[in-house]
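One structure is given below, encoded as structure tokens.
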Amino acid sequence: MKVGPPLKDSKVATQHDKERVALTSILASGGLTVAKGTVGLLTGSLAILSEAAHSLIDFGATLMTYFAVRVSGKPADEEHHYGHGKVESVTALAETGLLFILSAVVIWEAAHRLLGAPDHVVEATLAAFAVIIGSVIVDFFRARALYRVASETASEALEADALHFGSDMWSSIAVLVGLGGVALGFQWADSAAALVVALFVCLAGWRLGRRTIETLTDTAPVGSAQTVVGAAAKVRGVIAVDRVRVRPSGDKLFVEVVAAVSRTLPLDRVEALKRDVAEAIRTDLPRSEAVVSIAPRALDSESVQERVMVIARNQGLAVHHVTVHDIRGKRSVSLDLEVERRLALGAAHEIADRLEAALRDELGPEVEVETHIEPLQQEAAGREAPPERVKAVQITLSEIAAESGMVRDIHNVRVRETDDGEIVNFHCRVDPSLSVQAVHEKVDEVERDLRRRSPSIKRVIGHAEPSR
């Protein structure tokens, strides 16, 4: 199956082109059938009559193609989740059967004339030559137009029609040679030409039938799986491509991909990565519709902290302040576990036990795990503190910062009053060359000292900025 580039026009215009070229094929095959049949009866030429029969079958096939193209253009519905593209394949398979039936009839009659009816007279008239030459010209231009639209829209039904007209052209050339032989006095040349016509028809039927059966049996187009793997593997964050399945249906390729990614990725990043993979596949295979599944993978490069966070996230738990120590060859992990504040201690302890057991399963039974249970921080209603209270807190913070000798320029102080106490946010400046650890410790000291001096403050959040 050929997968061509997308048309420049819209999908509606593409469907219109398919229907238009199929309709003109009906007119062409109908006209050729009448002309060949009339001349074949007048001249008694089996080759021309077989061509007329071939054109008659083509006429019926183009009718089927026209209706198949109209049906295949319908979108997916509740009963046809993958659209109606396979209608074209079924139609092409029916046309293949008609081609083989015609070939069998022609071969039988040609053999009968060659072996049992040598006295049959064929007339090589000017009209016979004219109609066959005209047929060759019509078949050439129709086949070229059909192949073009079939390639642009990946339409099997139109490609089947193109094969019909292409085989007609070559078989008409064989008929011309046969008529030439008859004109020179070789009556058997007509039957021999008819056999050549039958062979052309069989060849066309074999080529069409093979591709159609491959489509109906969901045979992936050659190289499509490798293209999908290459496109997906190029997306940043994809570790491996575990599985690819491609199935053609009409002018579309339905692709299923399982991509392996790090299990530490957050859900929003996973969703974005799935979209990126689908877009990369669509870029390399413009007619594809990809469904991307993600397989989380544990990487050797994961830190212990990352592994702890993954286990907690899988259990739907909120943890922070994860600390890892190696003490005399033994690993120790401690963390803060947030649980619903109204939860009974017994129930909270069971949650902590399950988390600790999962961490030992992940990190090994020898690891030491300690959890600090604390109430989950929840959204609370509050209000801005009076300006004089904000001013007082800022003065106190500035005094504490001056005493620290490292923190300075207290600004952007905000104080909110809640039912549980005051919440203070502030910004400060420190030397940009200091380490994050040193800055964190000094800002923590400021926060603790403020809470000590003002017990009504429940929480303090300091934001350090580099000095200018």
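Residues are named by chain letter and number: chains run A, B, ... in the order of the structure tokens, numbers start at 1 in each chain, and ligands are numbered from 1 in the order shown.
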
Mind checking which residues fall within 12 Å of region 229-235 of chain A, counting only C-alpha atoms, ignoring those fewer than 6 positions away in the same chain, and posting them as a PyMOL selection string?
-> chain A and resi 223+241-246+255-261+272-285+290-294

Which parts of region 329-468 of chain A does DSSP call helix (DSSP H, G or I) when run on the backbone here, written out as an MDAnalysis selection string?
-> chainID A and resid 345:363 387:404 436:453

Requested write-out: C-alpha atoms of the selected residues, as a compact mmCIF listing (two decimals), in the first residue's frame:
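Resulting contents of selection00.txt:
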# COMPACT_ATOMS: atom_id res chain seq x y z
CA LEU A 345 -3.05 8.77 64.89
CA GLY A 346 -3.65 5.02 64.55
CA ALA A 347 -4.89 5.37 60.98
CA ALA A 348 -2.08 7.78 60.12
CA HIS A 349 0.47 5.34 61.53
CA GLU A 350 -0.90 2.55 59.32
CA ILE A 351 -0.38 4.80 56.28
CA ALA A 352 3.19 5.44 57.36
CA ASP A 353 3.78 1.70 57.89
CA ARG A 354 2.58 0.91 54.35
CA LEU A 355 4.83 3.60 52.91
CA GLU A 356 7.84 2.33 54.87
CA ALA A 357 7.19 -1.24 53.71
CA ALA A 358 6.97 -0.11 50.08
CA LEU A 359 10.24 1.80 50.45
CA ARG A 360 11.98 -1.29 51.84
CA ASP A 361 10.66 -3.32 48.92
CA GLU A 362 12.14 -0.72 46.58
CA LEU A 363 15.42 0.04 48.36
CA PRO A 387 -0.75 47.96 57.85
CA GLU A 388 0.59 48.67 61.32
CA ARG A 389 0.96 44.92 61.97
CA VAL A 390 2.80 44.44 58.67
CA LYS A 391 5.09 47.35 59.56
CA ALA A 392 5.84 45.85 62.98
CA VAL A 393 6.69 42.44 61.46
CA GLN A 394 8.97 44.10 58.88
CA ILE A 395 10.84 45.99 61.61
CA THR A 396 11.33 42.79 63.61
CA LEU A 397 12.54 40.92 60.52
CA SER A 398 15.01 43.68 59.73
CA GLU A 399 16.41 43.54 63.29
CA ILE A 400 16.81 39.76 63.10
CA ALA A 401 18.45 40.01 59.67
CA ALA A 402 20.94 42.61 60.93
CA GLU A 403 21.88 40.31 63.81
CA SER A 404 22.46 37.39 61.40
CA VAL A 436 22.25 27.18 48.72
CA GLN A 437 22.81 25.17 51.90
CA ALA A 438 24.32 28.15 53.73
CA VAL A 439 21.57 30.51 52.58
CA HIS A 440 18.85 28.05 53.53
CA GLU A 441 20.24 27.67 57.06
CA LYS A 442 20.48 31.44 57.61
CA VAL A 443 16.97 32.13 56.27
CA ASP A 444 15.65 29.31 58.49
CA GLU A 445 17.27 30.98 61.50
CA VAL A 446 15.48 34.23 60.65
CA GLU A 447 12.15 32.40 60.31
CA ARG A 448 12.57 30.57 63.63
CA ASP A 449 13.62 33.71 65.46
CA LEU A 450 10.57 35.60 64.15
CA ARG A 451 8.21 32.86 65.35
CA ARG A 452 9.94 32.85 68.74
CA ARG A 453 9.52 36.60 69.15

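CA of Ile461 (chain A) is found 23.0 Å from CA of Met309 (chain A).
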
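In this structure, CA of Ser151 (chain A) sits 13.0 Å away from CA of Pro286 (chain A).
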
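If you look at CA of Val201 (chain A) and CA of Ala127 (chain A), they are 24.1 Å away from each other.
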
Find the residue from A:Gly316, A:Leu335, A:Thr96, A:Leu126 that sits nearest to Thr43 (chain A); use only C-alpha atoms when measuring.
->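 For Thr43 (chain A), the nearest of the candidates is A:Leu126.
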
So which bits of region 324-445 of chain A end up strand (DSSP E or B) when you DSSP the backbone, as a VMD selection string?
-> chain A and resid 324 to 327 330 to 339 368 to 375 382 to 384 408 to 418 421 to 430

For each of A:Val228, A:Leu267, A:Val196, A:Leu93, take the minimum atom-to-atom distance to Ile213 (chain A), counting only C-alpha atoms, then give the residue where this is smallest.
-> A:Leu93

Write out as an MDAnalysis selection string each polymer residue whose atoms come within 12 Å of Ser456 (chain A), counting only C-alpha atoms; drop sequence neighbours fewer than 5 positions from it.
-> chainID A and resid 389 393 415:424 450:451

Can you write out the residues you just picked, keeping N, CA and C atoms, as a short mmCIF file (atom, residue, chain, number, x, y, z; two decimals), in the first residue's frame?
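Okay, this is what ended up in out26.cif:
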data_model
loop_
_atom_site.label_atom_id
_atom_site.label_comp_id
_atom_site.auth_asym_id
_atom_site.auth_seq_id
_atom_site.Cartn_x
_atom_site.Cartn_y
_atom_site.Cartn_z
N ARG A 389 0.43 46.23 61.60
CA ARG A 389 0.96 44.92 61.97
C ARG A 389 2.03 44.50 60.97
N VAL A 393 6.01 43.70 61.85
CA VAL A 393 6.69 42.44 61.46
C VAL A 393 7.92 42.76 60.62
N VAL A 415 1.64 39.89 55.52
CA VAL A 415 1.13 39.19 56.71
C VAL A 415 -0.35 38.90 56.50
N ARG A 416 -0.71 37.63 56.60
CA ARG A 416 -2.12 37.24 56.47
C ARG A 416 -2.59 36.59 57.77
N GLU A 417 -3.79 36.94 58.16
CA GLU A 417 -4.38 36.38 59.37
C GLU A 417 -5.32 35.23 59.00
N THR A 418 -5.14 34.08 59.68
CA THR A 418 -6.03 32.93 59.48
C THR A 418 -6.53 32.47 60.84
N ASP A 419 -7.46 31.52 60.83
CA ASP A 419 -7.99 31.00 62.09
C ASP A 419 -6.93 30.26 62.88
N ASP A 420 -5.89 29.74 62.18
CA ASP A 420 -4.84 28.98 62.86
C ASP A 420 -3.66 29.87 63.28
N GLY A 421 -3.67 31.11 62.85
CA GLY A 421 -2.56 31.99 63.19
C GLY A 421 -2.12 32.79 61.98
N GLU A 422 -1.08 33.60 62.17
CA GLU A 422 -0.60 34.46 61.08
C GLU A 422 0.38 33.71 60.18
N ILE A 423 0.34 34.07 58.89
CA ILE A 423 1.29 33.54 57.91
C ILE A 423 2.05 34.72 57.34
N VAL A 424 3.38 34.64 57.39
CA VAL A 424 4.25 35.75 56.95
C VAL A 424 5.07 35.30 55.75
N LEU A 450 11.79 34.81 64.24
CA LEU A 450 10.57 35.60 64.15
C LEU A 450 9.41 34.89 64.86
N ARG A 451 9.29 33.59 64.68
CA ARG A 451 8.21 32.86 65.35
C ARG A 451 8.42 32.86 66.87
#

Near Pro375 (chain A), within 12 Å and counting only C-alpha atoms, which residues show up once chain neighbours fewer than 2 positions away are dropped, as a list in words?
->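 Counting only the stated atoms, we get Ala318, Val319, Asp336, Leu337, Glu338, Val339, Glu340, Arg341, Arg342, Leu343, Ala344, Leu345, Ala348, His372, Ile373, Gln377 and Gln378 of chain A.
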
Using only C-alpha atoms, the shortest atom-to-atom distance to Val175 (chain A) among A:Thr264, A:Ser191, A:Thr38, A:Asn412 belongs to A:Ser191

Can you tell me, as a ChimeraX atom specification, what residues are no more than 12 Å from Phe141 (chain A) when counting only C-alpha atoms, ignoring any on the same chain fewer than 6 positions away?
-> /A:21,24-25,28,134-135,147-148,162,165-166,168-169

Output all heavy atoms of each residue in that selection to a file, as a tab-separated table (two decimals), in the first residue's frame.
chain	number	residue	atom	x	y	z
A	21	VAL	N	-12.89	12.10	-9.94
A	21	VAL	CA	-12.13	11.24	-10.84
A	21	VAL	C	-12.81	9.89	-11.00
A	21	VAL	O	-12.74	9.26	-12.07
A	21	VAL	CB	-10.68	11.09	-10.33
A	21	VAL	CG1	-10.60	10.14	-9.13
A	21	VAL	CG2	-9.75	10.60	-11.44
A	24	THR	N	-15.73	10.46	-13.61
A	24	THR	CA	-15.26	10.55	-15.00
A	24	THR	C	-14.80	9.19	-15.51
A	24	THR	O	-14.91	8.90	-16.71
A	24	THR	CB	-14.10	11.55	-15.11
A	24	THR	OG1	-13.08	11.22	-14.16
A	24	THR	CG2	-14.58	12.97	-14.84
A	25	SER	N	-14.31	8.32	-14.61
A	25	SER	CA	-13.93	6.97	-15.02
A	25	SER	C	-15.16	6.18	-15.45
A	25	SER	O	-15.08	5.34	-16.35
A	25	SER	CB	-13.21	6.26	-13.87
A	25	SER	OG	-11.99	6.90	-13.58
A	28	ALA	N	-15.88	7.22	-19.00
A	28	ALA	CA	-14.89	6.71	-19.94
A	28	ALA	C	-15.06	5.23	-20.20
A	28	ALA	O	-15.06	4.77	-21.35
A	28	ALA	CB	-13.48	6.99	-19.41
A	134	GLY	N	-8.11	4.55	-30.22
A	134	GLY	CA	-8.79	5.48	-29.31
A	134	GLY	C	-8.84	4.97	-27.89
A	134	GLY	O	-8.68	5.73	-26.92
A	135	SER	N	-9.01	3.65	-27.73
A	135	SER	CA	-9.04	3.05	-26.40
A	135	SER	C	-7.69	3.20	-25.70
A	135	SER	O	-7.63	3.49	-24.50
A	135	SER	CB	-9.41	1.57	-26.51
A	135	SER	OG	-9.32	0.93	-25.25
A	147	TYR	N	-4.10	7.21	-11.03
A	147	TYR	CA	-2.91	6.95	-10.21
A	147	TYR	C	-2.52	8.19	-9.41
A	147	TYR	O	-2.11	8.09	-8.24
A	147	TYR	CB	-1.74	6.52	-11.09
A	147	TYR	CG	-1.66	5.03	-11.34
A	147	TYR	CD1	-1.64	4.52	-12.63
A	147	TYR	CD2	-1.61	4.13	-10.27
A	147	TYR	CE1	-1.58	3.16	-12.87
A	147	TYR	CE2	-1.54	2.76	-10.50
A	147	TYR	CZ	-1.53	2.28	-11.80
A	147	TYR	OH	-1.47	0.93	-12.01
A	148	ARG	N	-2.65	9.35	-10.03
A	148	ARG	CA	-2.29	10.59	-9.33
A	148	ARG	C	-3.16	10.81	-8.10
A	148	ARG	O	-2.67	11.02	-6.99
A	148	ARG	CB	-2.40	11.79	-10.27
A	148	ARG	CG	-2.10	13.13	-9.61
A	148	ARG	CD	-2.26	14.28	-10.57
A	148	ARG	NE	-3.61	14.35	-11.13
A	148	ARG	CZ	-4.65	14.89	-10.48
A	148	ARG	NH1	-4.50	15.39	-9.27
A	148	ARG	NH2	-5.84	14.92	-11.05
A	162	ALA	N	-7.26	2.45	-11.51
A	162	ALA	CA	-6.09	2.78	-12.32
A	162	ALA	C	-5.47	1.52	-12.91
A	162	ALA	O	-5.02	1.51	-14.07
A	162	ALA	CB	-5.07	3.53	-11.46
A	165	PHE	N	-7.58	0.44	-15.94
A	165	PHE	CA	-7.33	1.21	-17.16
A	165	PHE	C	-5.92	0.97	-17.69
A	165	PHE	O	-5.69	0.96	-18.90
A	165	PHE	CB	-7.56	2.70	-16.90
A	165	PHE	CG	-9.01	3.09	-16.93
A	165	PHE	CD1	-9.73	3.20	-15.75
A	165	PHE	CD2	-9.65	3.33	-18.13
A	165	PHE	CE1	-11.08	3.56	-15.78
A	165	PHE	CE2	-10.99	3.70	-18.16
A	165	PHE	CZ	-11.71	3.80	-16.97
A	166	GLY	N	-4.96	0.78	-16.78
A	166	GLY	CA	-3.60	0.49	-17.23
A	166	GLY	C	-3.50	-0.85	-17.95
A	166	GLY	O	-2.86	-0.97	-19.00
A	168	ASP	N	-5.98	-2.31	-19.40
A	168	ASP	CA	-6.72	-2.12	-20.65
A	168	ASP	C	-5.80	-1.56	-21.74
A	168	ASP	O	-5.88	-1.97	-22.91
A	168	ASP	CB	-7.88	-1.14	-20.42
A	168	ASP	CG	-9.11	-1.84	-19.86
A	168	ASP	OD1	-9.05	-3.07	-19.71
A	168	ASP	OD2	-10.10	-1.15	-19.56
A	169	MET	N	-4.97	-0.60	-21.36
A	169	MET	CA	-4.10	0.04	-22.36
A	169	MET	C	-3.15	-0.99	-22.97
A	169	MET	O	-3.02	-1.08	-24.19
A	169	MET	CB	-3.31	1.16	-21.70
A	169	MET	CG	-2.40	1.92	-22.65
A	169	MET	SD	-1.36	3.12	-21.79
A	169	MET	CE	-0.25	2.01	-20.90
